[in-house]
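Just my_file_33.cif here, mmCIF, C-alpha atoms and all ligand atoms:
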data_run
#
loop_
_atom_site.label_atom_id
_atom_site.label_comp_id
_atom_site.auth_asym_id
_atom_site.auth_seq_id
_atom_site.Cartn_x
_atom_site.Cartn_y
_atom_site.Cartn_z
CA MET A 1406 -18.14 -68.70 9.20
CA ARG A 1407 -18.69 -67.70 5.58
CA TYR A 1408 -17.27 -65.00 3.34
CA HIS A 1409 -18.21 -63.47 0.02
CA ILE A 1410 -15.75 -61.53 -2.17
CA TRP A 1411 -16.98 -59.14 -4.85
CA THR A 1412 -14.19 -58.30 -7.29
CA GLU A 1413 -14.00 -55.55 -9.87
CA GLY A 1414 -11.13 -54.67 -12.18
CA CYS A 1415 -7.90 -56.10 -13.50
CA GLN A 1416 -6.04 -59.38 -13.14
CA MET A 1417 -4.13 -57.90 -10.18
CA ASN A 1418 -7.36 -57.60 -8.24
CA GLU A 1419 -8.39 -61.12 -9.27
CA ALA A 1420 -5.08 -62.38 -7.94
CA ASP A 1421 -5.51 -60.47 -4.63
CA SER A 1422 -9.04 -61.83 -4.18
CA GLU A 1423 -7.83 -65.37 -4.79
CA LYS A 1424 -5.09 -64.93 -2.21
CA LEU A 1425 -7.51 -63.54 0.34
CA ALA A 1426 -9.87 -66.47 -0.30
CA ALA A 1427 -6.98 -68.89 0.21
CA GLY A 1428 -6.07 -67.14 3.47
CA LEU A 1429 -9.66 -67.25 4.72
CA ALA A 1430 -9.85 -70.94 3.81
CA LYS A 1431 -6.77 -71.52 5.97
CA LEU A 1432 -8.62 -69.93 8.86
CA GLY A 1433 -11.51 -72.32 8.29
CA TRP A 1434 -13.87 -69.92 6.54
CA GLU A 1435 -16.06 -71.10 3.68
CA PRO A 1436 -17.22 -69.19 0.61
CA ALA A 1437 -20.83 -67.99 0.40
CA PRO A 1438 -22.46 -67.64 -3.02
CA LYS A 1439 -23.91 -64.23 -2.12
CA ALA A 1440 -23.20 -61.49 0.41
CA ASP A 1441 -26.56 -62.01 2.08
CA ALA A 1442 -25.35 -65.41 3.31
CA ALA A 1443 -21.93 -64.16 4.42
CA ASP A 1444 -20.48 -63.16 7.78
CA LEU A 1445 -17.79 -61.21 5.99
CA ALA A 1446 -18.49 -59.32 2.73
CA VAL A 1447 -15.40 -58.10 0.90
CA VAL A 1448 -15.48 -55.47 -1.84
CA ASN A 1449 -12.32 -55.51 -3.98
CA THR A 1450 -12.50 -52.22 -5.83
CA CYS A 1451 -11.20 -50.76 -9.08
CA VAL A 1452 -11.16 -47.04 -9.78
CA VAL A 1453 -9.53 -46.93 -13.22
CA ARG A 1454 -12.88 -45.83 -14.64
CA GLN A 1455 -15.43 -43.72 -12.83
CA LYS A 1456 -18.12 -46.29 -13.63
CA ALA A 1457 -16.16 -49.01 -11.85
CA GLU A 1458 -15.80 -46.81 -8.76
CA ASP A 1459 -19.52 -45.94 -8.86
CA ARG A 1460 -20.39 -49.65 -9.03
CA ALA A 1461 -18.20 -50.39 -6.00
CA VAL A 1462 -19.66 -47.52 -3.99
CA GLY A 1463 -23.23 -48.57 -4.93
CA TYR A 1464 -22.44 -52.11 -3.81
CA MET A 1465 -21.04 -50.82 -0.50
CA TRP A 1466 -24.31 -49.00 0.24
CA HIS A 1467 -26.18 -52.19 -0.63
CA LEU A 1468 -24.02 -54.05 1.89
CA ARG A 1469 -24.78 -51.45 4.54
CA LYS A 1470 -28.46 -52.36 4.28
CA LEU A 1471 -27.63 -56.06 4.54
CA LYS A 1472 -25.45 -55.44 7.56
CA GLU A 1473 -28.32 -53.74 9.37
CA SER A 1474 -30.37 -56.92 9.07
CA ARG A 1475 -27.54 -59.42 9.73
CA GLU A 1476 -26.15 -59.35 13.21
CA GLY A 1477 -22.38 -59.72 13.39
CA MET A 1478 -21.81 -59.21 9.67
CA GLN A 1479 -18.58 -57.40 8.80
CA ILE A 1480 -17.64 -55.46 5.69
CA ALA A 1481 -14.12 -55.16 4.29
CA VAL A 1482 -13.13 -52.90 1.40
CA MET A 1483 -9.84 -53.41 -0.43
CA GLY A 1484 -8.23 -52.45 -3.73
CA CYS A 1485 -7.65 -49.17 -5.52
CA LEU A 1486 -10.46 -47.21 -3.84
CA VAL A 1487 -8.43 -47.46 -0.66
CA GLY A 1488 -5.77 -44.85 -1.37
CA PRO A 1489 -3.45 -43.13 1.07
CA ARG A 1490 -6.22 -41.02 2.69
CA THR A 1491 -8.30 -43.67 4.41
CA GLU A 1492 -9.58 -41.17 6.99
CA GLU A 1493 -11.91 -39.58 4.42
CA LEU A 1494 -13.27 -43.00 3.54
CA ARG A 1495 -13.83 -43.90 7.19
CA LYS A 1496 -15.94 -40.79 7.63
CA ARG A 1497 -17.88 -41.34 4.43
CA PHE A 1498 -18.51 -45.07 5.02
CA PRO A 1499 -18.55 -45.55 8.82
CA PHE A 1500 -20.24 -48.95 8.41
CA VAL A 1501 -17.09 -50.48 6.85
CA ASP A 1502 -15.13 -52.52 9.42
CA VAL A 1503 -11.78 -52.84 7.69
CA TRP A 1504 -9.94 -51.04 4.88
CA ALA A 1505 -7.07 -52.64 3.00
CA ARG A 1506 -4.94 -50.99 0.33
CA PRO A 1507 -4.06 -52.86 -2.91
CA GLN A 1508 -1.97 -55.98 -2.28
CA SER A 1509 -2.57 -55.67 1.47
CA PHE A 1510 -5.22 -58.37 1.64
CA ASP A 1511 -3.48 -59.70 4.76
CA VAL A 1512 -4.88 -56.67 6.63
CA VAL A 1513 -8.32 -58.30 6.35
CA ILE A 1514 -7.01 -61.54 7.84
CA ARG A 1515 -5.20 -59.69 10.63
CA HIS A 1516 -8.44 -57.88 11.43
CA LEU A 1517 -10.19 -61.24 11.84
CA MET A 1518 -7.32 -62.97 13.64
CA PRO A 1519 -5.21 -60.20 15.14
CA ALA A 1520 -3.14 -62.50 17.33
CA ASN A 1521 -1.84 -64.61 14.45
CA ASP A 1522 1.56 -64.11 12.92
CA LEU A 1523 0.61 -64.39 9.30
CA GLY A 1524 3.82 -63.61 7.45
CA GLY A 1525 5.26 -60.76 5.43
CA GLU A 1526 3.97 -58.23 2.97
CA PHE A 1527 3.23 -60.63 0.15
CA TRP A 1528 2.39 -63.38 2.50
CA PRO A 1529 4.06 -66.07 0.45
CA ASP A 1530 2.59 -69.00 2.35
CA THR A 1531 -0.97 -68.15 1.35
CA PHE A 1532 -1.19 -69.06 -2.29
CA PRO A 1533 -4.53 -69.53 -3.95
CA GLU A 1534 -5.91 -72.84 -5.08
CA PRO A 1535 -5.47 -72.61 -8.85
CA GLY A 1536 -8.72 -72.56 -10.83
CA GLY A 1537 -7.19 -74.23 -13.91
CA PRO A 1538 -3.94 -74.64 -15.82
CA THR A 1539 -3.25 -70.89 -16.04
CA ALA A 1540 -2.67 -68.31 -13.29
CA PHE A 1541 -1.88 -64.62 -12.90
CA VAL A 1542 1.08 -63.69 -10.72
CA PRO A 1543 1.68 -60.01 -9.84
CA ILE A 1544 5.44 -59.33 -9.82
CA VAL A 1545 5.62 -55.52 -9.67
CA HIS A 1546 2.96 -53.36 -8.07
CA GLY A 1547 2.16 -49.72 -8.71
CA CYS A 1548 3.40 -47.36 -11.40
CA ASN A 1549 5.83 -44.40 -11.57
CA LYS A 1550 4.72 -43.06 -14.95
CA PHE A 1551 1.86 -40.66 -14.15
CA CYS A 1552 0.13 -40.57 -17.55
CA THR A 1553 -2.26 -37.63 -17.35
CA TYR A 1554 -5.44 -39.69 -17.86
CA CYS A 1555 -4.62 -42.45 -15.37
CA ILE A 1556 -5.45 -42.81 -11.68
CA VAL A 1557 -3.33 -45.90 -11.03
CA PRO A 1558 -0.17 -44.23 -9.57
CA TYR A 1559 -2.30 -42.32 -7.04
CA ARG A 1560 -4.06 -45.44 -5.82
CA ARG A 1561 -1.59 -48.27 -6.29
CA GLY A 1562 1.49 -46.26 -5.35
CA ARG A 1563 4.99 -46.41 -6.81
CA GLU A 1564 6.59 -49.41 -8.52
CA LYS A 1565 7.48 -52.07 -6.01
CA SER A 1566 8.91 -55.41 -7.13
CA ARG A 1567 8.73 -58.75 -5.43
CA THR A 1568 12.02 -60.61 -5.16
CA ILE A 1569 12.77 -63.41 -7.61
CA ALA A 1570 12.78 -65.88 -4.71
CA ASP A 1571 9.32 -64.74 -3.61
CA VAL A 1572 7.81 -65.02 -7.11
CA ARG A 1573 9.50 -68.36 -7.66
CA ARG A 1574 8.08 -69.72 -4.42
CA GLU A 1575 4.57 -68.81 -5.53
CA VAL A 1576 5.01 -70.20 -9.06
CA THR A 1577 6.53 -73.42 -7.69
CA SER A 1578 3.48 -73.83 -5.49
CA LEU A 1579 1.12 -73.17 -8.42
CA ALA A 1580 2.98 -75.55 -10.74
CA SER A 1581 2.89 -78.33 -8.15
CA ARG A 1582 -0.91 -77.97 -8.15
CA GLY A 1583 -1.46 -78.22 -11.90
CA VAL A 1584 -0.72 -74.74 -13.25
CA ARG A 1585 1.15 -74.99 -16.56
CA GLU A 1586 1.19 -71.34 -17.60
CA VAL A 1587 1.71 -68.19 -15.53
CA THR A 1588 1.17 -64.61 -16.64
CA LEU A 1589 3.52 -62.25 -14.79
CA LEU A 1590 1.74 -58.98 -14.09
CA GLY A 1591 2.82 -55.39 -13.73
CA GLN A 1592 1.34 -52.07 -14.82
CA THR A 1593 4.65 -51.65 -16.66
CA VAL A 1594 6.07 -55.13 -16.31
CA GLU A 1595 9.56 -54.38 -17.67
CA ALA A 1596 10.03 -52.04 -14.71
CA TYR A 1597 10.43 -55.23 -12.70
CA GLY A 1598 13.54 -55.22 -10.52
CA LYS A 1599 14.49 -51.54 -10.82
CA ASP A 1600 13.79 -51.07 -7.11
CA LEU A 1601 15.46 -54.32 -5.99
CA PRO A 1602 19.01 -54.51 -4.59
CA GLU A 1603 21.87 -55.25 -6.98
CA ILE A 1604 22.65 -58.90 -7.63
CA ALA A 1605 25.46 -60.05 -5.33
CA GLY A 1606 28.84 -59.70 -7.04
CA SER A 1607 27.42 -57.60 -9.87
CA SER A 1608 26.54 -53.95 -10.40
CA ARG A 1609 23.28 -54.98 -12.02
CA ARG A 1610 19.79 -55.20 -10.56
CA PRO A 1611 17.64 -58.22 -11.43
CA ASP A 1612 15.26 -57.72 -14.36
CA LEU A 1613 12.47 -59.55 -16.14
CA ALA A 1614 14.99 -61.65 -18.09
CA ASP A 1615 16.45 -62.93 -14.82
CA LEU A 1616 12.98 -63.83 -13.61
CA PHE A 1617 12.22 -65.66 -16.90
CA GLU A 1618 15.43 -67.66 -16.49
CA SER A 1619 14.68 -68.57 -12.90
CA LEU A 1620 11.08 -69.65 -13.59
CA SER A 1621 12.02 -71.53 -16.77
CA ALA A 1622 13.98 -73.95 -14.62
CA LEU A 1623 10.80 -75.19 -12.92
CA PRO A 1624 10.13 -78.51 -14.63
CA GLU A 1625 6.32 -78.59 -14.29
CA LEU A 1626 5.85 -75.10 -15.66
CA GLN A 1627 5.38 -75.08 -19.44
CA ARG A 1628 4.72 -71.47 -20.35
CA ILE A 1629 5.43 -67.94 -19.11
CA ARG A 1630 3.59 -64.80 -20.28
CA PHE A 1631 3.94 -61.21 -19.14
CA LEU A 1632 1.75 -58.07 -19.14
CA THR A 1633 1.77 -55.01 -19.67
CA SER A 1634 4.77 -53.66 -21.58
CA TYR A 1635 6.02 -50.08 -21.66
CA PRO A 1636 8.34 -49.03 -24.50
CA ARG A 1637 10.86 -47.04 -22.47
CA ASP A 1638 11.49 -49.94 -20.08
CA MET A 1639 11.85 -52.49 -22.89
CA THR A 1640 15.52 -53.45 -23.09
CA ASP A 1641 17.13 -55.58 -25.81
CA ARG A 1642 18.12 -57.99 -23.04
CA ILE A 1643 14.44 -58.60 -22.21
CA ILE A 1644 13.46 -58.95 -25.88
CA ARG A 1645 16.28 -61.44 -26.48
CA SER A 1646 15.21 -63.37 -23.44
CA VAL A 1647 11.63 -63.63 -24.77
CA ALA A 1648 13.04 -64.89 -28.07
CA GLY A 1649 15.54 -67.26 -26.47
CA GLU A 1650 13.79 -68.81 -23.46
CA PRO A 1651 11.67 -71.65 -24.88
CA LYS A 1652 9.05 -71.41 -22.12
CA VAL A 1653 8.43 -67.67 -22.59
CA CYS A 1654 5.61 -67.08 -25.07
CA GLU A 1655 6.43 -64.64 -27.86
CA HIS A 1656 3.69 -62.12 -27.25
CA PHE A 1657 3.99 -58.47 -26.24
CA ASN A 1658 1.06 -56.34 -25.09
CA ILE A 1659 2.55 -52.89 -25.60
CA PRO A 1660 0.15 -49.93 -25.42
CA VAL A 1661 0.81 -47.12 -27.89
CA GLN A 1662 -2.28 -45.05 -26.85
CA ALA A 1663 -1.83 -42.52 -29.71
CA GLY A 1664 0.21 -42.07 -32.87
CA ASP A 1665 0.76 -38.33 -32.64
CA ASN A 1666 3.53 -36.72 -30.62
CA GLU A 1667 1.48 -33.77 -29.38
CA VAL A 1668 -1.24 -36.10 -28.12
CA LEU A 1669 1.38 -38.36 -26.52
CA ALA A 1670 2.87 -35.31 -24.79
CA ARG A 1671 -0.56 -34.25 -23.50
CA MET A 1672 -1.01 -37.80 -22.22
CA ARG A 1673 2.50 -37.60 -20.70
CA ARG A 1674 3.24 -41.05 -22.00
CA GLY A 1675 6.97 -40.35 -21.75
CA TYR A 1676 7.90 -41.28 -25.33
CA GLU A 1677 7.49 -39.99 -28.85
CA ILE A 1678 6.02 -42.19 -31.54
CA GLU A 1679 9.46 -42.66 -33.16
CA GLU A 1680 10.71 -44.24 -29.92
CA PHE A 1681 7.67 -46.52 -29.79
CA LEU A 1682 8.24 -47.60 -33.41
CA ASP A 1683 11.90 -48.20 -32.64
CA CYS A 1684 10.84 -50.47 -29.78
CA VAL A 1685 8.54 -52.42 -32.13
CA GLY A 1686 11.41 -52.63 -34.63
CA ARG A 1687 13.72 -54.08 -31.99
CA ILE A 1688 11.10 -56.66 -31.00
CA ARG A 1689 10.62 -57.67 -34.63
CA GLU A 1690 14.37 -57.85 -35.20
CA HIS A 1691 15.15 -60.06 -32.20
CA ALA A 1692 11.85 -61.94 -31.92
CA PRO A 1693 10.38 -62.00 -35.44
CA GLN A 1694 7.84 -64.66 -34.49
CA ALA A 1695 6.33 -62.48 -31.73
CA SER A 1696 2.73 -61.31 -31.87
CA LEU A 1697 1.88 -57.79 -30.73
CA SER A 1698 -1.21 -56.31 -29.15
CA THR A 1699 -1.75 -52.72 -28.10
CA ASP A 1700 -4.11 -50.27 -26.38
CA VAL A 1701 -5.38 -47.08 -28.02
CA ILE A 1702 -7.34 -44.15 -26.59
CA VAL A 1703 -9.27 -42.15 -29.20
CA GLY A 1704 -10.75 -38.69 -28.69
CA PHE A 1705 -8.26 -37.58 -26.03
CA CYS A 1706 -8.41 -33.87 -25.09
CA GLY A 1707 -7.81 -31.71 -28.15
CA GLU A 1708 -7.17 -34.61 -30.57
CA THR A 1709 -7.63 -33.20 -34.08
CA GLU A 1710 -8.68 -35.19 -37.12
CA ALA A 1711 -5.10 -35.06 -38.42
CA GLN A 1712 -3.74 -36.30 -35.08
CA PHE A 1713 -6.23 -39.15 -35.05
CA GLY A 1714 -5.15 -39.90 -38.64
CA ARG A 1715 -1.59 -40.39 -37.38
CA THR A 1716 -2.84 -43.00 -34.89
CA MET A 1717 -4.54 -44.81 -37.78
CA ASP A 1718 -1.29 -44.61 -39.77
CA VAL A 1719 0.66 -46.21 -36.92
CA LEU A 1720 -1.90 -49.02 -36.61
CA ALA A 1721 -1.76 -49.64 -40.37
CA ARG A 1722 2.04 -49.58 -40.33
CA VAL A 1723 2.70 -51.77 -37.29
CA ARG A 1724 -0.17 -54.20 -38.00
CA PHE A 1725 -0.84 -55.35 -34.43
CA ASP A 1726 -2.45 -58.73 -33.90
CA LYS A 1727 -4.96 -57.16 -31.55
CA VAL A 1728 -5.98 -53.61 -30.59
CA HIS A 1729 -7.91 -52.74 -27.43
CA VAL A 1730 -9.50 -49.39 -28.21
CA ALA A 1731 -11.31 -47.06 -25.80
CA ALA A 1732 -12.98 -43.68 -26.25
CA TYR A 1733 -11.46 -41.20 -23.81
CA SER A 1734 -13.52 -40.38 -20.76
CA PRO A 1735 -12.01 -38.19 -18.02
CA ARG A 1736 -11.22 -39.84 -14.72
CA PRO A 1737 -11.74 -37.55 -11.71
CA GLY A 1738 -8.54 -37.06 -9.74
CA THR A 1739 -6.23 -37.26 -12.76
CA ILE A 1740 -4.12 -34.47 -14.28
CA ALA A 1741 -6.14 -34.55 -17.52
CA TRP A 1742 -9.39 -34.21 -15.58
CA ARG A 1743 -7.98 -31.19 -13.70
CA ASN A 1744 -6.08 -29.40 -16.45
CA LEU A 1745 -7.26 -30.48 -19.91
CA ASP A 1746 -10.45 -29.83 -21.78
CA ASP A 1747 -12.44 -32.95 -22.73
CA ASP A 1748 -13.58 -31.16 -25.88
CA LEU A 1749 -14.60 -33.86 -28.36
CA PRO A 1750 -18.27 -34.77 -28.72
CA GLN A 1751 -19.12 -38.35 -27.80
CA GLU A 1752 -20.36 -39.10 -31.36
CA GLU A 1753 -17.00 -38.09 -32.78
CA LYS A 1754 -15.16 -40.23 -30.24
CA MET A 1755 -17.35 -43.18 -31.21
CA ARG A 1756 -16.78 -42.54 -34.93
CA ARG A 1757 -13.02 -42.72 -34.32
CA LEU A 1758 -13.39 -45.81 -32.17
CA HIS A 1759 -15.35 -47.59 -34.91
CA ALA A 1760 -12.78 -46.51 -37.51
CA VAL A 1761 -10.04 -48.19 -35.43
CA GLU A 1762 -12.17 -51.32 -35.02
CA THR A 1763 -12.86 -51.54 -38.75
CA LEU A 1764 -9.19 -51.12 -39.66
CA GLN A 1765 -8.13 -53.64 -37.04
CA GLU A 1766 -10.68 -56.22 -38.15
CA ARG A 1767 -9.18 -56.13 -41.65
CA ILE A 1768 -5.61 -56.41 -40.33
CA ALA A 1769 -6.44 -59.22 -37.89
CA THR A 1770 -8.27 -61.07 -40.68
CA GLU A 1771 -5.15 -60.94 -42.84
CA ILE A 1772 -2.71 -61.84 -40.04
CA ASN A 1773 -4.78 -64.80 -38.89
CA ALA A 1774 -5.43 -66.00 -42.47
CA ALA A 1775 -1.67 -66.44 -42.83
CA LEU A 1776 -1.91 -69.07 -40.06
CA LEU A 1777 -4.20 -71.30 -42.14
CA HIS A 1778 -2.78 -74.84 -42.49
CA THR A 1779 -0.05 -74.17 -39.92
CA THR A 1780 0.32 -76.18 -36.73
CA GLN A 1781 0.06 -74.28 -33.46
CA GLU A 1782 1.03 -75.38 -29.96
CA VAL A 1783 -2.03 -74.92 -27.75
CA LEU A 1784 -2.42 -75.18 -23.97
CA VAL A 1785 -5.82 -76.79 -23.37
CA GLU A 1786 -7.84 -74.58 -21.02
CA GLY A 1787 -11.43 -75.80 -21.44
CA GLU A 1788 -13.85 -78.15 -23.17
CA LYS A 1789 -17.51 -77.87 -24.13
CA ASP A 1790 -19.55 -80.37 -26.13
CA GLY A 1791 -16.43 -82.05 -27.48
CA THR A 1792 -14.77 -78.80 -28.59
CA PHE A 1793 -11.60 -77.86 -26.75
CA THR A 1794 -10.38 -74.30 -26.23
CA GLY A 1795 -6.95 -72.90 -25.51
CA ARG A 1796 -4.38 -70.33 -26.56
CA SER A 1797 -1.47 -70.55 -28.94
CA ARG A 1798 1.95 -69.26 -27.95
CA ALA A 1799 1.06 -66.03 -29.77
CA ASN A 1800 -1.99 -65.71 -27.49
CA LYS A 1801 -4.52 -66.54 -30.21
CA LEU A 1802 -7.73 -68.16 -29.05
CA VAL A 1803 -7.94 -71.63 -30.63
CA HIS A 1804 -10.98 -73.94 -30.77
CA PHE A 1805 -10.33 -77.49 -31.87
CA ARG A 1806 -11.74 -80.97 -32.06
CA ALA A 1807 -9.74 -83.91 -30.80
CA GLU A 1808 -10.05 -87.56 -30.08
CA PRO A 1809 -9.44 -88.42 -26.44
CA PRO A 1810 -7.24 -88.58 -24.53
CA VAL A 1811 -6.95 -84.82 -24.21
CA ALA A 1812 -6.99 -83.24 -20.76
CA ILE A 1813 -7.17 -79.68 -19.48
CA GLY A 1814 -3.57 -78.55 -19.02
CA ASP A 1815 -2.16 -80.61 -21.91
CA LEU A 1816 0.02 -78.96 -24.52
CA VAL A 1817 -1.15 -80.20 -27.92
CA ASP A 1818 -0.43 -79.45 -31.56
CA VAL A 1819 -3.43 -78.17 -33.53
CA ARG A 1820 -3.63 -77.97 -37.30
CA ILE A 1821 -5.47 -74.77 -38.23
CA ALA A 1822 -8.32 -75.29 -40.71
CA LYS A 1823 -10.23 -72.02 -40.39
CA THR A 1824 -9.44 -68.49 -39.24
CA THR A 1825 -11.45 -65.43 -38.26
CA PRO A 1826 -10.19 -62.06 -36.97
CA TRP A 1827 -10.93 -63.21 -33.41
CA SER A 1828 -9.92 -66.88 -33.30
CA LEU A 1829 -8.51 -69.95 -35.00
CA GLN A 1830 -10.20 -73.32 -35.46
CA GLY A 1831 -8.69 -76.67 -36.21
CA GLU A 1832 -8.04 -80.23 -35.28
CA ARG A 1833 -5.47 -81.81 -33.05
CA VAL A 1834 -2.52 -83.30 -34.87
CA ARG A 1835 -2.49 -86.92 -33.79
CA ALA A 1836 0.59 -88.11 -31.97
CA GLY A 1837 3.04 -89.45 -34.55
CA ALA A 1838 1.66 -87.29 -37.37
CA THR A 1839 4.10 -84.82 -38.90
CA ALA A 1840 3.60 -81.28 -37.71
CA VAL A 1841 3.83 -78.54 -40.35
CA VAL A 1842 4.58 -75.08 -39.02
S1 LIG B 1901 1.97 -46.41 -17.51
FE1 LIG B 1901 0.50 -44.71 -17.52
S2 LIG B 1901 -1.45 -45.71 -18.10
FE2 LIG B 1901 -0.08 -47.34 -17.40
S3 LIG B 1901 -0.55 -47.58 -15.21
FE3 LIG B 1901 1.19 -46.17 -15.36
S4 LIG B 1901 0.26 -44.14 -15.36
FE4 LIG B 1901 -1.39 -45.59 -15.83
#
Would you mind writing the file out in structure tokens?
Amino acid sequence: MRYHIWTEGCQMNEADSEKLAAGLAKLGWEPAPKADAADLAVVNTCVVRQKAEDRAVGYMWHLRKLKESREGMQIAVMGCLVGPRTEELRKRFPFVDVWARPQSFDVVIRHLMPANDLGGEFWPDTFPEPGGPTAFVPIVHGCNKFCTYCIVPYRRGREKSRTIADVRREVTSLASRGVREVTLLGQTVEAYGKDLPEIAGSSRRPDLADLFESLSALPELQRIRFLTSYPRDMTDRIIRSVAGEPKVCEHFNIPVQAGDNEVLARMRRGYEIEEFLDCVGRIREHAPQASLSTDVIVGFCGETEAQFGRTMDVLARVRFDKVHVAAYSPRPGTIAWRNLDDDLPQEEKMRRLHAVETLQERIATEINAALLHTTQEVLVEGEKDGTFTGRSRANKLVHFRAEPPVAIGDLVDVRIAKTTPWSLQGERVRAGATAVV
């Protein structure tokens, strides 16, 4: 029997698809390159943007046609499209055989093999075959924040953390099969542990720092990253842990979204810009070597020129290493879509987006230029035509030349000879040579 999985969306969905594939492999199923050669076609959906949802729905209708011509073919739909009200979906798409909510990929397996006892919610025994030296590991699912523009809390539910033991079991398994770096995932990753029981003998619940400590003890694991940060959940304890645990990479992806308090309030981000800047200040105080990236939405409902100017001021003041910028587009089902007026013309949104990009290109050029002639620790992730690629601890993309032996998964020192806003280039420092940082 053969399966095909079509995946849209974030690293969480990628991780779920990999786990489902691993589970199917355990049942003896094999992957098919396309749905038209599959007995089971799985659609792993994302609904963060309307376009992503439209693509998934279009693909589902395409599968319906295939199913009509392929006897016995089954269709499974999982991910964020599958919210709490599955009944509506069943009526709208009666040709779908099984629906599975986010992180419930085991429902698909149970549908195929209902008699099997396949384990608990996170199904810890079904870990994916790693595709290289890095892997994503979801540690907290869902979100409690309800930003007005975002659909995630409605589809992925409230924050729910895995236990430290459960995460550690998965990371141990990955590390034993060649993974050297894990990225711990959560919509607001510092919320990790808030819903877990208190640690025995203490009045404290486990947090991200505890998880870092536990995973750092795994000898084969070299690096730990984490995504995505949220300023209100960022404690000094977590920042100090990032600075103090040698295996935790000093990089924070901490979305600001806007630099103006009225816009932040309309977004219901839950903080004012002063609080965000305080959080950045605490990171820079305790972890001065850390790099910072952020997300920005321009052209949100009612954003004036002056309010946009305050976002530009924040970007110029903080000087992020990287900025992911998006022009606002309303997402049906969200509070902003229901209650706020999407009143900026598309051309104006794009003008603001390009202004952010131009500013950020200059800042990234300057930040990366300061890395010229330094030596960076790089985890080797790929090789093409004699050029190796990997990431520095600060999450900078690094291309470098090296004499063998260099293998995927090695940690090597690279002397930086050239920089651009987007990447660094250099040459491996030969073993025995003095590293200059
Ligand atoms: S913090 Fe806001 S933007 Fe991020 S997932 Fe939660 S609701 Fe969405």
Expected residue set, 12 Å radius at (-5.5, -49.7, -27.0), all atoms listed in the file, as number ranges by chain
A: 1633, 1658-1664, 1697-1703, 1716-1717, 1720, 1725-1733, 1758, 1761-1762, 1765
Show me which residues line ligand LIG 1901 (chain B), defined as having an atom within 6 Å of a ligand atom where all atoms listed in the file count, and present them as number ranges by chain.
A: 1548, 1550-1552, 1555, 1557-1558, 1592-1593
Taking 4 positions as the minimum chain separation for residues in the same chain, which residues sit within 8 Å of range 1563-1576 of chain A when counting all atoms listed in the file? Answer as a VMD selection string.
chain A and resid 1529 1532 1542 1544 to 1549 1558 1580 1587 1596 to 1601 1616 1619 to 1620
Between A:Gly1591, A:Gly1463, A:Gly1428, A:Pro1436, which residue has the minimum interatomic distance to Met1518 in chain A, considering all atoms listed in the file?
A:Gly1428
List the spatial neighbours of Met1417 in chain A as a VMD selection string - criterion: any atom at most 9 Å away, all atoms listed in the file, same-chain residues fewer than 4 positions off excluded.
chain A and resid 1421 to 1422 1507 to 1508 1541 to 1543 1546 1590 to 1591
Interatomic distance, CA of Pro1810 in chain A to CA of Arg1833 in chain A (Å, one decimal)
11.0 Å
Counting all atoms listed in the file, the residue of A:Glu1786, A:Glu1677, A:Asp1502, A:Glu1458 that sits nearest Arg1736 in chain A:
A:Glu1458
Å distance separating CA of Ala1427 in chain A from CA of Phe1510 in chain A, one decimal place
10.8 Å
Give me the residues within 12 Å of Gly1738 in chain A as a PyMOL selection string, counting only C-alpha atoms and dropping any in the same chain fewer than 3 places off.
chain A and resi 1452-1455+1486+1488+1551+1553-1560+1735+1741-1744
